[in-house]
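Q: Data file protein-v1.txt (compact mmCIF, C-alpha atoms and all ligand atoms) is appended below.
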```
# COMPACT_ATOMS: atom_id res chain seq x y z
CA MET N 1 7.03 -8.78 20.51
CA SER N 2 10.29 -10.74 20.20
CA SER N 3 13.40 -9.00 18.90
CA ALA N 4 13.00 -10.58 15.44
CA LYS N 5 11.26 -8.40 12.90
CA PRO N 6 7.56 -9.09 12.40
CA LYS N 7 6.77 -11.19 9.35
CA VAL N 8 4.34 -9.74 6.84
CA VAL N 9 2.34 -11.30 4.01
CA PHE N 10 0.64 -8.85 1.64
CA VAL N 11 -2.78 -10.09 0.50
CA LEU N 12 -3.88 -8.54 -2.78
CA GLY N 13 -6.61 -9.03 -5.38
CA GLY N 14 -9.59 -7.22 -6.86
CA PRO N 15 -12.62 -5.97 -4.96
CA GLY N 16 -14.54 -9.02 -3.77
CA ALA N 17 -11.83 -11.49 -4.78
CA GLY N 18 -12.12 -13.04 -1.30
CA LYS N 19 -9.16 -11.50 0.53
CA GLY N 20 -11.02 -11.05 3.81
CA THR N 21 -12.70 -14.46 3.64
CA GLN N 22 -9.41 -16.25 3.06
CA CYS N 23 -7.57 -14.21 5.71
CA SER N 24 -10.11 -15.40 8.30
CA LYS N 25 -9.40 -18.98 7.30
CA ILE N 26 -5.64 -18.44 7.46
CA VAL N 27 -5.98 -17.02 10.98
CA GLU N 28 -7.92 -20.13 12.08
CA ARG N 29 -5.25 -22.45 10.72
CA PHE N 30 -1.97 -20.56 11.13
CA GLN N 31 -0.50 -18.12 13.67
CA PHE N 32 -1.26 -14.88 11.90
CA GLU N 33 -2.96 -11.62 12.80
CA HIS N 34 -5.25 -10.24 10.08
CA LEU N 35 -5.03 -6.51 9.38
CA SER N 36 -7.34 -5.29 6.62
CA ALA N 37 -6.29 -1.81 5.50
CA GLY N 38 -9.87 -1.20 4.34
CA ASP N 39 -11.30 -2.23 7.73
CA LEU N 40 -8.80 0.00 9.54
CA LEU N 41 -9.78 2.93 7.32
CA ARG N 42 -13.50 2.27 7.90
CA GLU N 43 -12.87 2.16 11.66
CA GLU N 44 -10.92 5.40 11.54
CA ARG N 45 -13.73 6.97 9.50
CA SER N 46 -16.19 6.19 12.31
CA ARG N 47 -13.90 7.16 15.18
CA GLU N 48 -15.18 10.18 17.01
CA GLY N 49 -12.82 13.11 16.62
CA SER N 50 -10.96 11.64 13.68
CA GLU N 51 -9.57 14.36 11.45
CA TYR N 52 -9.68 12.00 8.48
CA GLY N 53 -13.28 10.73 8.68
CA GLN N 54 -14.66 12.78 5.82
CA LEU N 55 -11.64 12.32 3.60
CA ILE N 56 -11.74 8.53 4.05
CA GLU N 57 -15.46 8.34 3.23
CA GLU N 58 -14.96 10.42 0.10
CA TYR N 59 -12.10 8.21 -1.09
CA ILE N 60 -13.84 4.92 -0.32
CA ARG N 61 -17.10 5.86 -1.99
CA ASN N 62 -15.19 6.89 -5.10
CA GLY N 63 -12.94 3.84 -5.11
CA LYS N 64 -9.88 6.06 -4.76
CA ILE N 65 -6.83 5.17 -2.70
CA VAL N 66 -6.36 7.09 0.55
CA PRO N 67 -2.97 8.86 0.93
CA VAL N 68 -0.45 6.41 2.33
CA GLU N 69 0.45 8.49 5.39
CA VAL N 70 -3.00 7.77 6.81
CA THR N 71 -3.13 4.07 5.94
CA CYS N 72 0.44 3.23 6.86
CA SER N 73 0.12 4.85 10.29
CA LEU N 74 -3.07 2.87 10.97
CA LEU N 75 -1.26 -0.31 9.97
CA GLU N 76 1.81 0.45 12.07
CA ASN N 77 -0.31 1.26 15.14
CA ALA N 78 -2.37 -1.90 14.72
CA MET N 79 0.82 -3.97 14.44
CA LYS N 80 2.28 -2.38 17.57
CA ASN N 81 -0.92 -2.75 19.55
CA SER N 82 -1.42 -6.39 18.63
CA GLY N 83 1.88 -7.57 20.09
CA LYS N 84 1.90 -10.35 17.47
CA SER N 85 4.75 -11.15 15.14
CA ARG N 86 3.06 -12.41 11.95
CA PHE N 87 0.66 -10.30 9.96
CA LEU N 88 -1.59 -10.65 6.94
CA ILE N 89 -1.82 -7.18 5.47
CA ASP N 90 -5.02 -7.32 3.44
CA GLY N 91 -5.67 -4.87 0.61
CA PHE N 92 -2.38 -2.97 0.81
CA PRO N 93 -0.16 -1.81 -0.93
CA ARG N 94 -2.54 -0.97 -3.78
CA ASN N 95 -0.65 1.74 -5.69
CA GLN N 96 2.83 3.21 -6.09
CA ASP N 97 2.19 5.81 -3.36
CA ASN N 98 1.29 2.98 -0.94
CA LEU N 99 4.39 1.01 -1.86
CA ASP N 100 6.70 4.02 -1.55
CA GLY N 101 5.15 4.94 1.81
CA TRP N 102 5.53 1.41 3.12
CA ASN N 103 9.15 1.32 1.98
CA ARG N 104 9.84 4.61 3.77
CA GLN N 105 8.03 3.81 7.00
CA MET N 106 7.86 0.04 7.45
CA SER N 107 10.04 -2.09 5.21
CA ASP N 108 13.11 -1.87 7.50
CA LYS N 109 11.00 -2.81 10.52
CA THR N 110 9.36 -5.88 8.97
CA GLU N 111 10.18 -8.95 6.88
CA MET N 112 7.90 -9.29 3.88
CA GLN N 113 7.47 -13.01 3.14
CA PHE N 114 5.47 -13.07 -0.07
CA VAL N 115 2.41 -11.60 -1.78
CA LEU N 116 -0.70 -13.73 -1.81
CA PHE N 117 -2.56 -12.74 -4.95
CA PHE N 118 -6.21 -13.74 -5.32
CA ASP N 119 -6.80 -13.75 -9.04
CA CYS N 120 -10.49 -13.44 -9.84
CA ALA N 121 -12.45 -12.55 -12.98
CA GLU N 122 -14.06 -9.12 -12.93
CA ASP N 123 -17.64 -10.37 -13.38
CA VAL N 124 -17.23 -12.77 -10.45
CA CYS N 125 -15.85 -9.96 -8.27
CA VAL N 126 -18.76 -7.68 -9.18
CA LYS N 127 -21.33 -10.39 -8.43
CA ARG N 128 -19.77 -11.07 -5.02
CA CYS N 129 -19.66 -7.42 -3.97
CA LEU N 130 -23.21 -6.69 -5.15
CA GLY N 131 -24.37 -9.86 -3.37
CA ARG N 132 -22.70 -8.70 -0.19
CA GLY N 133 -24.27 -5.26 -0.57
CA GLN N 134 -27.72 -6.79 -1.02
CA SER N 135 -27.32 -8.92 2.09
CA GLY N 136 -26.68 -5.78 4.14
CA SER N 137 -22.90 -5.28 4.31
CA GLY N 138 -23.55 -1.62 5.07
CA ARG N 139 -20.52 -0.75 2.94
CA SER N 140 -20.98 2.52 1.10
CA ASP N 141 -18.98 1.13 -1.85
CA ASP N 142 -20.94 -2.10 -2.49
CA ASN N 143 -23.01 -0.55 -5.28
CA MET N 144 -22.55 -0.58 -9.05
CA GLU N 145 -21.45 3.05 -9.27
CA SER N 146 -18.67 2.70 -6.70
CA LEU N 147 -17.73 -0.75 -7.98
CA LYS N 148 -17.00 0.57 -11.47
CA LYS N 149 -14.57 3.04 -9.92
CA ARG N 150 -13.01 0.42 -7.60
CA ILE N 151 -12.38 -1.85 -10.57
CA GLN N 152 -10.89 0.94 -12.62
CA THR N 153 -8.55 1.86 -9.76
CA TYR N 154 -7.62 -1.80 -9.35
CA ASN N 155 -6.79 -2.20 -13.04
CA ASN N 156 -4.90 1.10 -13.36
CA ASP N 157 -3.11 1.37 -10.01
CA SER N 158 -3.08 -1.98 -8.19
CA LEU N 159 -2.33 -4.48 -10.97
CA PRO N 160 1.00 -2.74 -11.78
CA ILE N 161 2.03 -3.21 -8.14
CA ILE N 162 1.19 -6.90 -8.32
CA LYS N 163 3.19 -7.07 -11.57
CA TYR N 164 6.11 -5.40 -9.81
CA PHE N 165 6.10 -8.04 -7.06
CA GLU N 166 5.66 -10.75 -9.68
CA ASN N 167 8.78 -9.61 -11.52
CA ALA N 168 10.61 -9.79 -8.20
CA GLY N 169 9.48 -13.43 -7.83
CA GLN N 170 7.43 -12.65 -4.72
CA VAL N 171 3.90 -13.49 -5.84
CA LYS N 172 1.95 -16.65 -4.94
CA ARG N 173 -0.99 -16.60 -7.32
CA ILE N 174 -4.20 -18.31 -6.29
CA ASP N 175 -7.22 -18.90 -8.54
CA ALA N 176 -9.93 -17.21 -6.46
CA SER N 177 -12.96 -18.23 -8.54
CA PRO N 178 -13.82 -21.62 -6.95
CA ASP N 179 -15.75 -21.86 -3.68
CA ALA N 180 -14.03 -20.54 -0.57
CA ASP N 181 -13.02 -23.96 0.83
CA LYS N 182 -11.48 -24.99 -2.46
CA VAL N 183 -9.55 -21.70 -2.64
CA PHE N 184 -8.32 -22.25 0.90
CA GLN N 185 -6.86 -25.66 -0.01
CA GLU N 186 -4.48 -23.82 -2.34
CA VAL N 187 -3.78 -21.13 0.24
CA GLU N 188 -2.95 -23.74 2.86
CA ARG N 189 -0.53 -25.38 0.46
CA VAL N 190 1.31 -22.07 -0.01
CA PHE N 191 1.67 -21.42 3.73
CA LEU N 192 2.83 -24.98 4.44
CA ALA N 193 5.35 -24.82 1.59
CA ASN N 194 6.73 -21.62 3.12
CA GLY N 195 7.32 -23.12 6.53
CA PHE N 196 4.23 -21.87 8.38
N1 LIG V 201 -16.96 -14.66 -1.21
C1 LIG V 201 -15.66 -14.65 -0.83
N2 LIG V 201 -15.00 -15.70 -1.36
C2 LIG V 201 -15.89 -16.38 -2.11
C3 LIG V 201 -15.80 -17.57 -2.91
N3 LIG V 201 -14.66 -18.23 -3.06
N4 LIG V 201 -16.92 -17.97 -3.57
C4 LIG V 201 -18.09 -17.28 -3.45
N5 LIG V 201 -18.24 -16.18 -2.70
C5 LIG V 201 -17.15 -15.73 -2.03
O1 LIG V 201 -15.61 -11.40 -0.16
C6 LIG V 201 -16.54 -10.60 -0.85
C7 LIG V 201 -17.89 -11.33 -0.91
O2 LIG V 201 -17.73 -12.52 -1.66
C8 LIG V 201 -18.39 -11.78 0.46
O3 LIG V 201 -19.78 -11.69 0.47
C9 LIG V 201 -17.93 -13.22 0.57
O4 LIG V 201 -18.75 -14.00 1.39
C10 LIG V 201 -17.99 -13.68 -0.88
P1 LIG V 201 -14.43 -10.75 0.73
O5 LIG V 201 -13.72 -11.88 1.37
O6 LIG V 201 -14.97 -9.68 1.57
O7 LIG V 201 -13.53 -10.13 -0.45
P2 LIG V 201 -12.45 -9.00 -0.39
O8 LIG V 201 -11.46 -9.33 -1.45
O9 LIG V 201 -11.96 -8.79 0.98
O10 LIG V 201 -13.34 -7.79 -0.89
P3 LIG V 201 -13.33 -6.28 -0.46
O11 LIG V 201 -14.60 -5.70 -0.99
O12 LIG V 201 -13.04 -6.10 0.97
O13 LIG V 201 -12.10 -5.76 -1.33
P4 LIG V 201 -11.63 -4.33 -1.65
O14 LIG V 201 -10.22 -4.46 -1.99
O15 LIG V 201 -12.49 -3.66 -2.66
O16 LIG V 201 -11.96 -3.54 -0.29
P5 LIG V 201 -11.05 -3.00 0.87
O17 LIG V 201 -11.84 -3.02 2.09
O18 LIG V 201 -9.73 -3.62 0.84
O19 LIG V 201 -10.90 -1.47 0.41
C11 LIG V 201 -12.03 -0.66 0.30
C12 LIG V 201 -11.62 0.74 -0.08
O20 LIG V 201 -10.82 1.30 0.95
C13 LIG V 201 -10.78 0.87 -1.35
O21 LIG V 201 -11.56 0.88 -2.51
C14 LIG V 201 -10.10 2.21 -1.10
O22 LIG V 201 -10.96 3.27 -1.35
C15 LIG V 201 -9.84 2.15 0.41
N6 LIG V 201 -8.49 1.63 0.72
C16 LIG V 201 -7.42 2.51 0.60
O23 LIG V 201 -7.58 3.67 0.23
N7 LIG V 201 -6.18 2.07 0.92
C17 LIG V 201 -5.92 0.79 1.34
O24 LIG V 201 -4.76 0.47 1.62
C18 LIG V 201 -7.00 -0.10 1.46
C19 LIG V 201 -8.28 0.34 1.13
MG MG V 202 -11.92 -7.12 2.30
```
As structure tokens, please, write out the structure in this file.
A:
Amino acid sequence: MSSAKPKVVFVLGGPGAGKGTQCSKIVERFQFEHLSAGDLLREERSREGSEYGQLIEEYIRNGKIVPVEVTCSLLENAMKNSGKSRFLIDGFPRNQDNLDGWNRQMSDKTEMQFVLFFDCAEDVCVKRCLGRGQSGSGRSDDNMESLKKRIQTYNNDSLPIIKYFENAGQVKRIDASPDADKVFQEVERVFLANGF
């Protein structure tokens, strides 16, 4: 890693808004490493000997947000291990505890560029997640019961964080309802306009 601080883009949006899909496209087009907080938690859940496996499963199935100490450490380790200097942090920070934890542990060590916000109607999000569940995602939270809780958590805890960044002028809002290629056209525009 060079001496400059790593650059970070937070990628936020509801469950199934298309964060992961768009991050893959960004990685193909621009020099970024994709770190999904949810994927890191799911990996940690399956890691043999993990002391957090059960806790993570319980939180994910109930659409609750894992304590930031766990998530932030996974993110920091993944950043260190990658050796890269530009990161898409997908699905984090999603509540005040996440934001406070990041500010304590990581904000001095990184340069946050902007928040990419995938704005997507709730019914579209639900349809996408259920569709993914039916085509065998294997995710224990791609079912109607978990989805209701994920959406509630998103509305109650995550939207206020997006609002906070919006008030600070840091949000790039993208309409996430069109097809993935159309959405990416807008995403590409944002990255080009910001010098990437
Ligand atoms: N799809 C994507 N884009 C499409 C488009 N434009 N048109 C049509 N279809 C589209 O996409 C979802 C599905 O939709 C896919 O089948 C895709 O092909 C299709 P995806 O790109 O996977 O959407 P994404 O926004 O990434 O959805 P995801 O379900 O991953 O979002 P969540 O935010 O719910 O899940 P995440 O993995 O981030 O978190 C899961 C859980 O982990 C949380 O609920 C929480 O319990 C826990 N968590 C924490 O506790 N802390 C964290 O910091 C992060 C997660
Ligand atoms: Mg995802």
Q: Hey, which residues sit close to ligand MG 202 (chain V)? Say within 12 Å, counting all atoms listed in the file, and write them as a ChimeraX atom specification.
A: /N:11-24,34-42,88-92,118,125,128-129,132,137,139,141-142
Q: Excluding segment 156-165 of chain N and its own-chain neighbours fewer than 3 positions away, which residues fall within 9 Å of it when counting only C-alpha atoms? Please give them as JSON, numbers by chain.
A: {"N": [12, 13, 14, 93, 94, 95, 96, 99, 114, 115, 117, 151, 152, 153, 168, 169, 170, 171]}
Q: Can you tell me how far atom C11 of ligand LIG 201 (chain V) sits from atom CA of Arg150 of chain N, in Å to one decimal?
A: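 Atom-to-atom, atom C11 of ligand LIG 201 (chain V) and atom CA of Arg150 of chain N are spaced 8.0 Å apart.
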Q: Can you tell me, as a PyMOL selection string, what residues are no more than 9 Å from Glu44 of chain N when counting all atoms listed in the file, ignoring any on the same chain fewer than 5 positions away?
A: chain N and resi 39+50+52-53+56+74
Q: Record the distance separating atom CA of Ala121 of chain N and atom O3 of ligand LIG 201 (chain V), expressed in Å with one decimal.
A: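 Separation of atom CA of Ala121 of chain N and atom O3 of ligand LIG 201 (chain V): 15.3 Å.
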Q: Select, from N:Arg47, N:Lys127, N:Arg189, N:Arg86, the residue with the minimum atom-to-atom distance to ligand LIG 201 (chain V), counting all atoms listed in the file.
A: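 Ranking N:Arg47, N:Lys127, N:Arg189, N:Arg86 by distance to ligand LIG 201 (chain V), first place goes to N:Lys127.
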Q: Report, in Å to a single decimal, how far apart atom CA of Gly63 of chain N and atom CA of Met106 of chain N are.
A: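 Separation of atom CA of Met106 of chain N and atom CA of Gly63 of chain N: 24.6 Å.
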Q: List as a ChimeraX atom specification the residues having at least one atom at most 12 Å from position (10.2, -19.2, 4.2) as given in the file, counting all atoms listed in the file.
A: /N:7-9,111-114,170,190-196
Q: Need to verify the contact set: Phe30 of chain N, 9 Å, all atoms listed in the file, exclusion of same-chain residues closer than 2 positions in sequence. Can you return it as a PyMOL selection string?
A: chain N and resi 25-28+32+188+191+196
Q: Taking all atoms of ligand LIG 201 (chain V) that appear in the file, build a box with edges along x, y and z, extend it by 5 Å on every side, and state its centre and edge lengths in Å to one decimal, as AutoDock Vina command-line options.
A:
```
--center_x -12.3 --center_y -7.3 --center_z -0.7 --size_x 25.0 --size_y 31.9 --size_z 15.7
```
Q: I'd like to know which of N:Gln185, N:Ser177, N:Ser140, N:Asn167 is closest to Glu58 of chain N, using all atoms listed in the file.
A: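 Answer, going by the shortest atom-to-atom distance: N:Ser140.
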Q: From the set N:Lys172, N:Lys109, N:Arg29, N:Arg45, which residue has the shortest atom-to-atom contact distance to ligand LIG 201 (chain V), counting all atoms listed in the file?
A: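 That would be N:Arg45, the residue with the smallest distance to ligand LIG 201 (chain V).
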Q: Under the rule that only C-alpha atoms and all ligand atoms are counted, which of N:Lys64, N:Lys148, N:Lys5, N:Lys80 is the nearest residue to ligand LIG 201 (chain V)?
A: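 Of N:Lys64, N:Lys148, N:Lys5, N:Lys80, the one nearest ligand LIG 201 (chain V), counting only C-alpha atoms and all ligand atoms, is N:Lys64.
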Q: Considering all atoms listed in the file, state which residue in the set N:Leu55, N:Cys120, N:Leu130, N:Leu147 is at the smallest distance from Ile174 of chain N.
A: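 Smallest separation from Ile174 of chain N among the options: N:Cys120.
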Q: Go through N:Arg173, N:Lys182, N:Arg104, N:Lys84 and flag the residue nearest ligand LIG 201 (chain V), using all atoms listed in the file for the distances.
A: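 Closest to ligand LIG 201 (chain V), using all atoms listed in the file: N:Lys182.
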